[in-house]
>>> print(open('my_file-v2.txt').read())   # compact mmCIF, C-alpha atoms
# COMPACT_ATOMS: atom_id res chain seq x y z
CA MET A 24 -4.38 -19.50 10.56
CA MET A 25 -7.05 -18.05 8.27
CA ILE A 26 -8.36 -15.90 11.13
CA ARG A 27 -4.89 -14.62 11.93
CA GLN A 28 -4.28 -13.83 8.25
CA SER A 29 -7.63 -12.08 7.89
CA VAL A 30 -7.00 -9.94 10.95
CA ARG A 31 -3.61 -9.00 9.53
CA THR A 32 -5.48 -7.76 6.47
CA LEU A 33 -7.60 -5.62 8.77
CA VAL A 34 -4.68 -3.80 10.36
CA VAL A 35 -2.30 -3.47 7.41
CA VAL A 36 -4.25 -2.09 4.50
CA VAL A 37 -5.38 1.22 6.01
CA LEU A 38 -3.55 4.12 4.41
CA VAL A 39 -2.64 6.95 6.75
CA SER A 40 -2.54 10.49 5.48
CA VAL A 41 0.92 12.00 5.20
CA ARG A 42 -0.67 15.42 5.30
CA ALA A 43 -2.48 16.77 8.28
CA ALA A 44 -6.02 17.91 8.79
CA PRO A 45 -6.49 21.63 9.44
CA VAL A 46 -4.77 22.35 12.73
CA ILE A 47 -3.51 25.33 14.63
CA ALA A 48 -0.04 25.64 13.18
CA SER A 49 2.17 28.34 11.81
CA GLU A 50 1.70 29.30 8.18
CA LYS A 51 5.28 28.30 7.46
CA SER A 52 4.78 24.85 8.92
CA GLU A 53 1.59 24.31 6.93
CA THR A 54 3.33 25.35 3.72
CA LEU A 55 6.25 23.04 4.39
CA ARG A 56 3.95 20.12 5.20
CA ALA A 57 2.10 20.55 1.92
CA ARG A 58 5.37 20.63 0.02
CA ALA A 59 6.69 17.57 1.84
CA ALA A 60 3.53 15.60 1.05
CA ALA A 61 3.84 16.39 -2.66
CA GLU A 62 7.48 15.32 -2.55
CA LEU A 63 6.58 12.04 -0.90
CA TYR A 64 3.81 11.30 -3.42
CA ASN A 65 6.40 11.95 -6.15
CA LEU A 66 8.79 9.38 -4.58
CA ASP A 67 11.22 12.08 -3.45
CA ARG A 68 11.44 10.35 -0.08
CA ASP A 69 14.66 11.82 1.28
CA ARG A 70 13.64 15.31 0.24
CA ALA A 71 10.24 14.84 1.89
CA ILE A 72 11.84 13.74 5.16
CA ALA A 73 14.07 16.82 5.13
CA THR A 74 11.10 19.10 4.42
CA TYR A 75 9.05 17.58 7.23
CA GLN A 76 12.00 18.17 9.53
CA GLU A 77 11.95 21.82 8.44
CA ALA A 78 8.22 21.93 9.29
CA VAL A 79 8.93 20.54 12.75
CA ALA A 80 11.63 23.17 13.26
CA ALA A 81 9.24 25.89 12.09
CA ASP A 82 6.56 24.89 14.61
CA SER A 83 7.42 22.46 17.38
CA LEU A 84 3.75 22.34 18.43
CA ASP A 85 2.44 21.16 15.07
CA ALA A 86 1.33 17.55 15.55
CA GLY A 87 0.75 17.22 11.80
CA ALA A 88 4.39 17.97 11.04
CA TYR A 89 5.57 15.23 13.39
CA ARG A 90 3.04 12.75 11.99
CA GLY A 91 4.03 13.60 8.45
CA LEU A 92 7.66 12.98 9.34
CA ALA A 93 6.76 9.63 10.92
CA SER A 94 4.78 8.65 7.81
CA ALA A 95 7.70 9.47 5.53
CA LEU A 96 10.06 7.43 7.69
CA TRP A 97 7.68 4.45 7.72
CA LEU A 98 7.26 4.56 3.95
CA SER A 99 11.04 4.74 3.64
CA ILE A 100 11.27 1.40 5.44
CA THR A 101 8.47 -0.12 3.37
CA PHE A 102 10.11 1.08 0.15
CA ARG A 103 13.37 -0.60 1.14
CA ARG A 104 11.51 -3.86 1.74
CA GLY A 105 9.74 -3.83 -1.62
CA ASN A 106 6.20 -4.34 -0.32
CA LEU A 107 4.62 -1.14 -1.58
CA THR A 108 2.53 -2.42 -4.50
CA VAL A 109 -1.13 -3.35 -4.89
CA ASP A 110 -0.03 -6.95 -5.54
CA ASP A 111 1.05 -7.18 -1.92
CA TYR A 112 -2.51 -6.55 -0.76
CA VAL A 113 -4.94 -7.35 -3.56
CA GLY A 114 -5.32 -10.97 -2.46
CA ARG A 115 -4.13 -11.95 0.96
CA VAL A 116 -1.85 -9.51 2.59
CA THR A 117 1.63 -10.94 2.43
CA ARG A 118 3.30 -11.78 5.70
CA PRO A 119 6.68 -10.15 6.22
CA ALA A 120 9.07 -12.50 4.46
CA PRO A 121 11.74 -14.11 6.65
CA SER A 122 14.40 -12.64 4.38
CA MET A 123 13.19 -9.07 4.84
CA PRO A 124 15.79 -6.94 6.56
CA PRO A 125 14.90 -5.35 9.89
CA ALA A 126 14.18 -1.66 9.96
CA PRO A 127 17.40 0.36 10.25
CA PRO A 128 17.67 1.21 13.98
CA GLU A 129 18.17 4.91 13.40
CA ILE A 130 15.09 5.15 11.17
CA ALA A 131 12.98 3.08 13.57
CA ALA A 132 14.05 5.32 16.46
CA ALA A 133 13.31 8.48 14.47
CA PHE A 134 9.89 7.11 13.53
CA SER A 135 9.06 6.31 17.15
CA ASP A 136 10.19 9.73 18.36
CA ALA A 137 8.19 11.63 15.73
CA LEU A 138 5.06 9.55 16.27
CA GLU A 139 5.18 9.89 20.06
CA ARG A 140 5.49 13.65 19.72
CA ALA A 141 2.49 13.76 17.37
CA LEU A 142 0.43 11.68 19.81
CA ALA A 143 1.45 13.77 22.81
CA LEU A 144 0.56 17.04 21.10
CA ALA A 145 -2.84 15.75 19.97
CA ARG A 146 -3.65 14.43 23.45
CA ARG A 147 -2.59 17.69 25.04
CA ARG A 148 -5.01 19.60 22.84
CA LEU A 149 -7.81 17.14 23.61
CA GLN A 150 -7.21 17.54 27.32
CA ALA A 151 -7.71 21.27 26.88
CA ASN A 152 -10.78 20.80 24.67
CA PRO A 153 -12.30 17.30 24.35
CA ARG A 154 -14.52 18.52 21.50
CA ASP A 155 -11.61 19.63 19.31
CA ALA A 156 -12.33 17.71 16.09
CA ASP A 157 -8.99 18.63 14.54
CA ALA A 158 -7.06 17.29 17.52
CA GLN A 159 -9.23 14.16 17.53
CA TYR A 160 -8.44 13.66 13.85
CA GLU A 161 -4.72 14.01 14.51
CA LEU A 162 -4.92 11.50 17.34
CA GLY A 163 -6.73 8.91 15.23
CA ALA A 164 -4.44 9.36 12.24
CA ALA A 165 -1.35 8.97 14.40
CA ILE A 166 -2.73 5.83 16.04
CA GLY A 167 -3.63 4.44 12.62
CA LEU A 168 -0.07 5.05 11.48
CA ARG A 169 1.17 3.17 14.54
CA ALA A 170 -1.09 0.22 13.65
CA SER A 171 0.27 0.08 10.11
CA TYR A 172 3.87 0.29 11.29
CA ILE A 173 3.43 -2.44 13.91
CA ALA A 174 1.79 -4.76 11.39
CA THR A 175 4.12 -4.16 8.44
CA VAL A 176 7.45 -3.62 10.18
CA GLU A 177 7.27 -5.21 13.61
CA GLY A 178 4.88 -8.02 12.70
CA SER A 179 3.06 -7.94 16.06
CA LEU A 180 -0.52 -8.85 15.18
CA LEU A 181 -2.16 -8.33 18.57
CA ARG A 182 -0.65 -4.89 19.19
CA ALA A 183 -1.49 -3.76 15.67
CA PHE A 184 -5.10 -4.90 16.04
CA ARG A 185 -5.51 -2.95 19.27
CA ALA A 186 -4.10 0.18 17.66
CA ALA A 187 -6.36 -0.27 14.62
CA SER A 188 -9.40 -0.41 16.90
CA ASP A 189 -8.34 2.78 18.67
CA ALA A 190 -7.79 4.58 15.34
CA TYR A 191 -11.25 3.55 14.15
CA ASP A 192 -12.87 4.78 17.37
CA ALA A 193 -10.99 8.08 17.24
CA HIS A 194 -12.14 8.89 13.71
CA GLU A 195 -15.71 7.81 14.40
CA ARG A 196 -15.54 10.38 17.20
CA VAL A 197 -14.40 13.00 14.66
CA LEU A 198 -17.52 12.29 12.60
CA GLU A 199 -19.66 12.63 15.73
CA LEU A 200 -18.08 15.97 16.61
CA ASP A 201 -18.29 17.30 13.07
CA PRO A 202 -20.29 15.26 10.52
CA ARG A 203 -18.95 17.50 7.75
CA ARG A 204 -15.44 16.12 8.28
CA ARG A 205 -15.66 13.44 5.59
CA ASP A 206 -11.89 13.19 5.54
CA ALA A 207 -12.25 11.11 8.70
CA GLY A 208 -14.13 8.61 6.58
CA LEU A 209 -10.89 7.34 5.05
CA ILE A 210 -9.85 5.30 8.08
CA VAL A 211 -13.41 4.46 9.17
CA GLY A 212 -14.48 3.51 5.66
CA THR A 213 -11.39 1.44 4.94
CA TYR A 214 -11.79 -0.58 8.12
CA ARG A 215 -15.50 -1.03 7.42
CA TYR A 216 -14.71 -2.34 3.95
CA ILE A 217 -12.03 -4.74 5.15
CA VAL A 218 -14.21 -6.10 7.97
CA SER A 219 -16.98 -6.78 5.46
CA THR A 220 -14.66 -8.91 3.31
CA GLN A 221 -13.63 -11.27 6.12
CA ALA A 222 -14.97 -14.67 7.10
CA LEU A 223 -17.81 -14.71 9.62
CA PRO A 224 -15.66 -15.50 12.72
CA VAL A 225 -13.41 -12.52 11.97
CA ARG A 226 -16.37 -10.23 11.32
CA LEU A 227 -17.98 -11.23 14.61
CA ALA A 228 -14.73 -10.64 16.50
CA ALA A 229 -14.36 -7.24 14.85
CA TYR A 230 -17.95 -6.26 15.67
CA MET A 231 -17.44 -7.23 19.31
CA ILE A 232 -14.39 -4.99 19.56
CA GLY A 233 -16.25 -2.08 18.00
CA PHE A 234 -15.50 -2.13 14.27
CA GLY A 235 -18.33 -1.57 11.83
CA GLY A 236 -18.80 -3.30 8.52
CA GLY A 237 -20.47 -2.84 5.14
CA THR A 238 -18.72 -3.16 1.79
CA GLU A 239 -20.62 -0.46 -0.07
CA ARG A 240 -20.79 1.88 2.90
CA GLY A 241 -17.06 1.57 3.45
CA ILE A 242 -16.26 2.30 -0.20
CA ARG A 243 -18.68 5.22 -0.24
CA MET A 244 -17.01 6.76 2.80
CA ILE A 245 -13.62 6.63 1.09
CA GLU A 246 -15.10 8.10 -2.08
CA ASP A 247 -16.62 10.87 0.04
CA ALA A 248 -13.17 11.55 1.50
CA VAL A 249 -11.90 12.08 -2.05
CA ALA A 250 -14.80 14.38 -2.90
CA TYR A 251 -14.37 16.30 0.35
CA GLY A 252 -11.05 17.60 -0.94
CA GLY A 253 -9.26 17.50 2.38
CA THR A 254 -5.58 17.09 2.90
CA ASN A 255 -5.88 13.30 2.81
CA GLN A 256 -7.57 13.29 -0.59
CA THR A 257 -4.58 11.70 -2.32
CA ASP A 258 -4.35 8.99 0.34
CA ALA A 259 -8.03 8.22 -0.25
CA ARG A 260 -7.32 7.87 -3.97
CA PHE A 261 -4.52 5.39 -3.29
CA ALA A 262 -6.89 3.45 -1.04
CA LEU A 263 -9.49 3.33 -3.81
CA VAL A 264 -6.92 2.02 -6.30
CA LEU A 265 -6.38 -0.94 -4.00
CA ILE A 266 -10.03 -1.50 -3.16
CA TYR A 267 -11.28 -1.12 -6.73
CA ASN A 268 -8.72 -3.72 -7.80
CA ARG A 269 -9.94 -6.08 -5.10
CA GLU A 270 -13.51 -5.52 -6.29
CA LYS A 271 -12.53 -5.97 -9.97
CA ARG A 272 -13.70 -2.44 -10.72
CA TYR A 273 -10.74 -1.89 -12.98
CA ASP A 274 -12.03 1.13 -14.91
CA ALA A 275 -12.64 2.95 -11.64
CA ALA A 276 -9.13 2.06 -10.44
CA LEU A 277 -7.60 3.27 -13.70
CA GLU A 278 -9.46 6.57 -13.39
CA GLN A 279 -7.86 7.15 -9.97
CA LEU A 280 -4.48 6.17 -11.42
CA ARG A 281 -4.93 8.64 -14.26
CA PHE A 282 -5.33 11.41 -11.70
CA LEU A 283 -2.26 10.23 -9.80
CA ARG A 284 -0.11 10.06 -12.95
CA GLU A 285 -1.13 13.58 -13.92
CA HIS A 286 -0.60 15.13 -10.50
CA TYR A 287 2.52 13.18 -9.46
CA PRO A 288 4.43 12.64 -12.71
CA ARG A 289 7.65 11.73 -10.88
CA ASN A 290 5.97 8.75 -9.22
CA ARG A 291 6.89 6.02 -11.67
CA LEU A 292 5.00 3.46 -9.57
CA ALA A 293 1.75 5.03 -10.78
CA TRP A 294 2.64 3.70 -14.25
CA LEU A 295 3.51 0.30 -12.79
CA GLU A 296 0.15 0.10 -11.01
CA SER A 297 -1.67 1.26 -14.14
CA GLY A 298 -0.09 -1.57 -16.09
CA SER A 299 -0.81 -4.07 -13.32
CA THR A 300 -4.45 -3.00 -13.17
CA SER A 301 -4.76 -3.35 -16.94
CA LEU A 302 -3.30 -6.86 -16.70
CA ARG A 303 -5.90 -7.84 -14.10
CA ALA A 304 -8.55 -6.43 -16.45
CA ALA A 305 -7.24 -8.72 -19.23
CA ARG A 306 -6.09 -5.77 -21.34
CA PRO A 307 -2.51 -6.81 -22.15
CA MET A 308 -1.98 -4.28 -24.95
CA GLU A 309 -2.89 -1.40 -22.66
CA ALA A 310 -0.80 -2.93 -19.88
CA GLU A 311 2.24 -3.26 -22.14
CA ARG A 312 2.01 0.43 -23.09
CA PHE A 313 1.80 1.59 -19.47
CA ILE A 314 4.66 -0.62 -18.35
CA SER A 315 6.95 0.18 -21.26
CA ASP A 316 6.38 3.89 -20.60
CA GLY A 317 7.07 3.36 -16.91
CA LEU A 318 10.16 1.26 -17.62
CA ALA A 319 11.60 4.11 -19.66
CA ARG A 320 11.07 6.40 -16.67
CA PHE A 321 12.57 3.78 -14.35
CA ALA A 322 15.68 3.39 -16.52
CA THR A 323 16.45 7.11 -16.48
CA ASP A 324 15.47 7.82 -12.87
CA PRO A 325 18.60 8.25 -10.71
CA ARG A 326 16.69 8.12 -7.42
CA PRO A 327 16.78 5.08 -5.12
CA ARG A 328 14.74 2.11 -6.28
CA MET A 329 12.32 0.04 -4.29
CA PHE A 330 13.73 -3.33 -3.33
CA GLY A 331 13.11 -5.75 -6.19
CA GLU A 332 11.58 -3.04 -8.36
CA GLN A 333 13.41 -4.01 -11.56
CA ALA A 334 12.19 -7.60 -11.23
CA ILE A 335 8.59 -6.38 -10.88
CA TRP A 336 8.79 -4.15 -13.94
CA TYR A 337 10.16 -6.91 -16.16
CA TYR A 338 7.79 -9.54 -14.80
CA LYS A 339 4.79 -7.33 -15.50
CA ARG A 340 5.87 -6.46 -19.02
CA GLY A 341 6.80 -10.07 -19.69
CA ALA A 342 3.36 -11.20 -18.56
CA ALA A 343 1.69 -8.60 -20.79
CA ARG A 344 3.80 -9.59 -23.78
CA ALA A 345 3.17 -13.27 -23.14
CA ALA A 346 -0.58 -12.59 -23.19
CA LEU A 347 -0.09 -10.83 -26.52
CA GLY A 348 1.88 -13.79 -27.89
CA ARG A 349 5.03 -11.73 -28.38
CA ALA A 350 8.33 -13.55 -28.76
CA ASP A 351 10.17 -11.03 -26.57
CA ALA A 352 8.11 -12.00 -23.52
CA ALA A 353 10.62 -14.69 -22.50
CA GLU A 354 13.44 -12.13 -22.52
CA ASP A 355 11.59 -9.89 -20.08
CA LEU A 356 10.66 -12.80 -17.82
CA ALA A 357 14.24 -14.09 -17.77
CA GLU A 358 15.36 -10.59 -16.78
CA ALA A 359 12.84 -10.61 -13.94
CA VAL A 360 14.10 -13.97 -12.66
CA SER A 361 17.75 -12.86 -12.78
CA SER A 362 17.09 -9.54 -11.01
CA GLU A 363 17.07 -9.13 -7.23
CA GLY A 364 13.53 -9.31 -5.95
CA ARG A 365 10.80 -10.84 -3.86
CA ASN A 366 10.11 -14.56 -4.16
CA TRP A 367 6.54 -14.00 -5.30
CA VAL A 368 7.81 -11.95 -8.25
CA HIS A 369 10.34 -14.59 -9.24
CA GLY A 370 7.70 -17.26 -8.76
CA ARG A 371 5.15 -15.56 -10.99
CA ALA A 372 7.78 -14.90 -13.65
CA ARG A 373 8.75 -18.57 -13.63
CA LEU A 374 5.09 -19.53 -13.88
CA GLU A 375 4.86 -17.49 -17.09
CA LEU A 376 8.06 -19.09 -18.37
CA GLY A 377 6.57 -22.49 -17.62
CA LYS A 378 3.49 -21.65 -19.66
CA LEU A 379 5.65 -20.50 -22.56
CA ALA A 380 7.65 -23.72 -22.38
CA LEU A 381 4.43 -25.74 -22.48
CA LYS A 382 3.30 -23.88 -25.59
CA ALA A 383 6.67 -24.57 -27.20
CA GLY A 384 6.39 -28.28 -26.34
CA ASN A 385 9.42 -28.20 -24.02
CA ARG A 386 8.00 -30.32 -21.21
CA ASP A 387 11.22 -30.71 -19.22
CA ALA A 388 11.79 -26.96 -19.05
CA ALA A 389 8.11 -26.37 -18.30
CA ARG A 390 8.11 -28.77 -15.38
CA GLN A 391 11.25 -27.22 -13.91
CA GLU A 392 9.78 -23.71 -14.13
CA LEU A 393 6.39 -24.70 -12.73
CA GLU A 394 7.87 -26.58 -9.78
CA ALA A 395 10.03 -23.58 -8.96
CA ALA A 396 7.04 -21.25 -9.33
CA ALA A 397 4.93 -23.28 -6.91
CA THR A 398 7.70 -23.31 -4.30
CA LEU A 399 8.61 -19.63 -4.61
CA CYS A 400 5.03 -18.34 -4.56
CA ALA A 401 3.99 -20.55 -1.66
CA GLY A 402 7.03 -19.43 0.31
CA ASP A 403 6.13 -15.74 -0.09
CA ASN A 404 2.44 -16.16 0.78
CA ASP A 405 1.19 -15.99 -2.81
CA PRO A 406 -1.20 -18.96 -2.67
CA GLY A 407 -3.24 -18.17 -5.78
CA PHE A 408 -0.29 -18.31 -8.16
CA ALA A 409 1.23 -21.27 -6.32
CA ALA A 410 -2.05 -23.13 -6.84
CA GLU A 411 -2.07 -22.25 -10.54
CA ALA A 412 1.42 -23.71 -10.95
CA ARG A 413 0.36 -26.88 -9.12
CA ARG A 414 -2.75 -27.20 -11.30
CA LEU A 415 -0.63 -27.11 -14.43
CA LEU A 416 1.74 -29.67 -12.97
CA ALA A 417 -1.15 -31.98 -12.09
CA ARG A 418 -2.68 -31.56 -15.55
CA TYR A 419 0.41 -32.39 -17.57
CA TRP A 420 2.30 -34.75 -15.23
>>> encode(input="my_file-v2.txt", output="structure tokens")
Amino acid sequence: MMIRQSVRTLVVVVLVSVRAAPVIASEKSETLRARAAAELYNLDRDRAIATYQEAVAADSLDAGAYRGLASALWLSITFRRGNLTVDDYVGRVTRPAPSMPPAPPEIAAAFSDALERALALARRRLQANPRDADAQYELGAAIGLRASYIATVEGSLLRAFRAASDAYDAHERVLELDPRRRDAGLIVGTYRYIVSTQALPVRLAAYMIGFGGGTERGIRMIEDAVAYGGTNQTDARFALVLIYNREKRYDAALEQLRFLREHYPRNRLAWLESGSTSLRAARPMEAERFISDGLARFATDPRPRMFGEQAIWYYKRGAARAALGRADAAEDLAEAVSSEGRNWVHGRARLELGKLALKAGNRDAARQELEAAATLCAGDNDPGFAAEARRLLARYW
């Protein structure tokens, strides 16, 4: 089971650029793609999908436009499912919960159509010129997107792993064709990093298939992709936010988040992740400021919300306020529990409520909250917090 879970980590975490590498495309299509990417980073998902569709209409031979459209559709599904936060990946990658709704058929079909068109166009260009680094980049990015979709939406581990291997090989080929193309280091570097974090049996299996490893080398390749300034620079920054959190390099993660907040001010999740990172860094006062600011944005934002988003906001602020010893922490945590959301969010909120009840000397309430926390977290593949709840239960009962 551990091997299967570790391999799932390998194929899920890679972030695929929603913008394209330089390709032969019409100026109008390139302009529309850039605008669509900015819209998507700002959480204007429906607008981004429409703009990518305009880019496709402007140039039906632009593989990047089709891939961008597929990326926006995939993220639309992920947003609906509520598994678009660093918490979903900073420990073990969460398995798709049984209660998660299937992808809407029309969106799944549109994703498949756009991705197949992107792949066909990239392959056609490579047939004409096997040394076309841009086409090779497009091919690898499209295959990487397929791997992420299969793992996160379809849940087919074997197929996702095969696609991940092909994406890695394709972008290693880009670096062979043009060593200056450090943007290709995003996929290669991310896979290298993830392989290096796995148990020995998984690492050996990955090496046999063709993956490389190396924690520092992988991180450096992603950092180089940021410095390169290519069209996937923002994706590389998002990847670093996740990886720096995993490595407990919280200041570095917060620096990337500062950039994202400044450049994508409509993306309220950048404030949520800033607060979450501050919480992991044991800086509850800073976390409370970020989350309260983000909550104000959330409350006045009329756009669609991520599934369970309200529960996450209130859980995070409640946890920060509990760490600060504030009396209003319980109110936030109760709001999180009563709001629609993922089981791991409800479980962590009830864990905090259990701790507060213990401090108040209310053992009956504490036991009820901790037992619920252990069950909810374990059921949504959140073993660390489930174990913490069980430790408290064993200590006091």
>>> residues_around(input="my_file-v2.txt", residues="Arg182 of chain A", least_positions_apart="4", cutoff="9 Å", atoms="all atoms listed in the file", output="number ranges by chain")
A: 170, 173-174, 186-187
>>> closest_residue(input="my_file-v2.txt", among="A:Gly402, A:Gly317, A:Gly348, A:Pro125", to="Asn366 of chain A", atoms="only C-alpha atoms")
A:Gly402
>>> atom_distance(input="my_file-v2.txt", atom1="atom CA of Leu356 of chain A", atom2="atom CA of Ala388 of chain A")
14.3 Å
>>> residues_around(input="my_file-v2.txt", residues="Thr257 of chain A", least_positions_apart="3", cutoff="12 Å", atoms="all atoms listed in the file", output="PDB file with C-alpha atoms, in the coordinates of the input")
ATOM      1  CA  LEU A  38      -3.550   4.120   4.410  1.00  0.00           C
ATOM      2  CA  VAL A  39      -2.640   6.950   6.750  1.00  0.00           C
ATOM      3  CA  SER A  40      -2.540  10.490   5.480  1.00  0.00           C
ATOM      4  CA  VAL A  41       0.920  12.000   5.200  1.00  0.00           C
ATOM      5  CA  ARG A  42      -0.670  15.420   5.300  1.00  0.00           C
ATOM      6  CA  ALA A  43      -2.480  16.770   8.280  1.00  0.00           C
ATOM      7  CA  ALA A  57       2.100  20.550   1.920  1.00  0.00           C
ATOM      8  CA  ALA A  60       3.530  15.600   1.050  1.00  0.00           C
ATOM      9  CA  ALA A  61       3.840  16.390  -2.660  1.00  0.00           C
ATOM     10  CA  LEU A  63       6.580  12.040  -0.900  1.00  0.00           C
ATOM     11  CA  TYR A  64       3.810  11.300  -3.420  1.00  0.00           C
ATOM     12  CA  ASN A  65       6.400  11.950  -6.150  1.00  0.00           C
ATOM     13  CA  ASP A 206     -11.890  13.190   5.540  1.00  0.00           C
ATOM     14  CA  LEU A 209     -10.890   7.340   5.050  1.00  0.00           C
ATOM     15  CA  ILE A 245     -13.620   6.630   1.090  1.00  0.00           C
ATOM     16  CA  GLU A 246     -15.100   8.100  -2.080  1.00  0.00           C
ATOM     17  CA  ALA A 248     -13.170  11.550   1.500  1.00  0.00           C
ATOM     18  CA  VAL A 249     -11.900  12.080  -2.050  1.00  0.00           C
ATOM     19  CA  ALA A 250     -14.800  14.380  -2.900  1.00  0.00           C
ATOM     20  CA  TYR A 251     -14.370  16.300   0.350  1.00  0.00           C
ATOM     21  CA  GLY A 252     -11.050  17.600  -0.940  1.00  0.00           C
ATOM     22  CA  GLY A 253      -9.260  17.500   2.380  1.00  0.00           C
ATOM     23  CA  THR A 254      -5.580  17.090   2.900  1.00  0.00           C
ATOM     24  CA  ARG A 260      -7.320   7.870  -3.970  1.00  0.00           C
ATOM     25  CA  PHE A 261      -4.520   5.390  -3.290  1.00  0.00           C
ATOM     26  CA  ALA A 262      -6.890   3.450  -1.040  1.00  0.00           C
ATOM     27  CA  LEU A 263      -9.490   3.330  -3.810  1.00  0.00           C
ATOM     28  CA  VAL A 264      -6.920   2.020  -6.300  1.00  0.00           C
ATOM     29  CA  GLN A 279      -7.860   7.150  -9.970  1.00  0.00           C
ATOM     30  CA  LEU A 280      -4.480   6.170 -11.420  1.00  0.00           C
ATOM     31  CA  PHE A 282      -5.330  11.410 -11.700  1.00  0.00           C
ATOM     32  CA  LEU A 283      -2.260  10.230  -9.800  1.00  0.00           C
ATOM     33  CA  ARG A 284      -0.110  10.060 -12.950  1.00  0.00           C
ATOM     34  CA  HIS A 286      -0.600  15.130 -10.500  1.00  0.00           C
ATOM     35  CA  TYR A 287       2.520  13.180  -9.460  1.00  0.00           C
TER      36      TYR A 287
END
>>> atom_distance(input="my_file-v2.txt", atom1="atom CA of Arg146 of chain A", atom2="atom CA of Ala164 of chain A")
12.3 Å
>>> residues_around(input="my_file-v2.txt", residues="segment 292-294 of chain A", least_positions_apart="5", cutoff="12 Å", atoms="all atoms listed in the file", output="JSON, numbers by chain")
{"A": [64, 65, 66, 102, 105, 107, 108, 109, 260, 261, 264, 276, 277, 278, 279, 280, 281, 282, 283, 284, 285, 286, 287, 299, 300, 301, 309, 310, 311, 312, 313, 314, 315, 316, 317, 318, 319, 320, 321, 324, 328, 329, 332, 333, 335, 336, 339, 340]}
>>> write_last_selection(input="my_file-v2.txt", atoms="C-alpha atoms", output="compact mmCIF listing (two decimals), keeping the file's coordinate frame")
# COMPACT_ATOMS: atom_id res chain seq x y z
CA TYR A 64 3.81 11.30 -3.42
CA ASN A 65 6.40 11.95 -6.15
CA LEU A 66 8.79 9.38 -4.58
CA PHE A 102 10.11 1.08 0.15
CA GLY A 105 9.74 -3.83 -1.62
CA LEU A 107 4.62 -1.14 -1.58
CA THR A 108 2.53 -2.42 -4.50
CA VAL A 109 -1.13 -3.35 -4.89
CA ARG A 260 -7.32 7.87 -3.97
CA PHE A 261 -4.52 5.39 -3.29
CA VAL A 264 -6.92 2.02 -6.30
CA ALA A 276 -9.13 2.06 -10.44
CA LEU A 277 -7.60 3.27 -13.70
CA GLU A 278 -9.46 6.57 -13.39
CA GLN A 279 -7.86 7.15 -9.97
CA LEU A 280 -4.48 6.17 -11.42
CA ARG A 281 -4.93 8.64 -14.26
CA PHE A 282 -5.33 11.41 -11.70
CA LEU A 283 -2.26 10.23 -9.80
CA ARG A 284 -0.11 10.06 -12.95
CA GLU A 285 -1.13 13.58 -13.92
CA HIS A 286 -0.60 15.13 -10.50
CA TYR A 287 2.52 13.18 -9.46
CA SER A 299 -0.81 -4.07 -13.32
CA THR A 300 -4.45 -3.00 -13.17
CA SER A 301 -4.76 -3.35 -16.94
CA GLU A 309 -2.89 -1.40 -22.66
CA ALA A 310 -0.80 -2.93 -19.88
CA GLU A 311 2.24 -3.26 -22.14
CA ARG A 312 2.01 0.43 -23.09
CA PHE A 313 1.80 1.59 -19.47
CA ILE A 314 4.66 -0.62 -18.35
CA SER A 315 6.95 0.18 -21.26
CA ASP A 316 6.38 3.89 -20.60
CA GLY A 317 7.07 3.36 -16.91
CA LEU A 318 10.16 1.26 -17.62
CA ALA A 319 11.60 4.11 -19.66
CA ARG A 320 11.07 6.40 -16.67
CA PHE A 321 12.57 3.78 -14.35
CA ASP A 324 15.47 7.82 -12.87
CA ARG A 328 14.74 2.11 -6.28
CA MET A 329 12.32 0.04 -4.29
CA GLU A 332 11.58 -3.04 -8.36
CA GLN A 333 13.41 -4.01 -11.56
CA ILE A 335 8.59 -6.38 -10.88
CA TRP A 336 8.79 -4.15 -13.94
CA LYS A 339 4.79 -7.33 -15.50
CA ARG A 340 5.87 -6.46 -19.02
>>> closest_residue(input="my_file-v2.txt", among="A:Ala350, A:Val197, A:Arg68, A:Ser361", to="Asn290 of chain A", atoms="only C-alpha atoms")
A:Arg68
>>> axis_aligned_box(input="my_file-v2.txt", around="segment 370-389 of chain A", padding_each_side="4 Å", output="AutoDock Vina command-line options")
--center_x 7.5 --center_y -22.8 --center_z -18.0 --size_x 16.5 --size_y 23.8 --size_z 26.4
>>> atom_distance(input="my_file-v2.txt", atom1="atom CA of Ala389 of chain A", atom2="atom CA of His369 of chain A")
15.0 Å
>>> closest_residue(input="my_file-v2.txt", among="A:Leu181, A:Ala417, A:Val360, A:Val368", to="Asn404 of chain A", atoms="all atoms listed in the file")
A:Val368
>>> closest_atom_pairs(input="my_file-v2.txt", of="segment 261-378 of chain A", to="segment 218-224 of chain A", cutoff="12 Å", atoms="only C-alpha atoms", output="Markdown table")
| residue | atom | partner | partner_atom | distance |
| --- | --- | --- | --- | --- |
| A:Ile266 | CA | A:Thr220 | CA | 10.9 |
| A:Arg269 | CA | A:Thr220 | CA | 10.1 |
| A:Glu270 | CA | A:Thr220 | CA | 10.2 |
>>> residues_around(input="my_file-v2.txt", residues="segment 128-135 of chain A", least_positions_apart="5", cutoff="7 Å", atoms="only C-alpha atoms", output="list in words")
Ala93, Leu96 and Trp97 of chain A
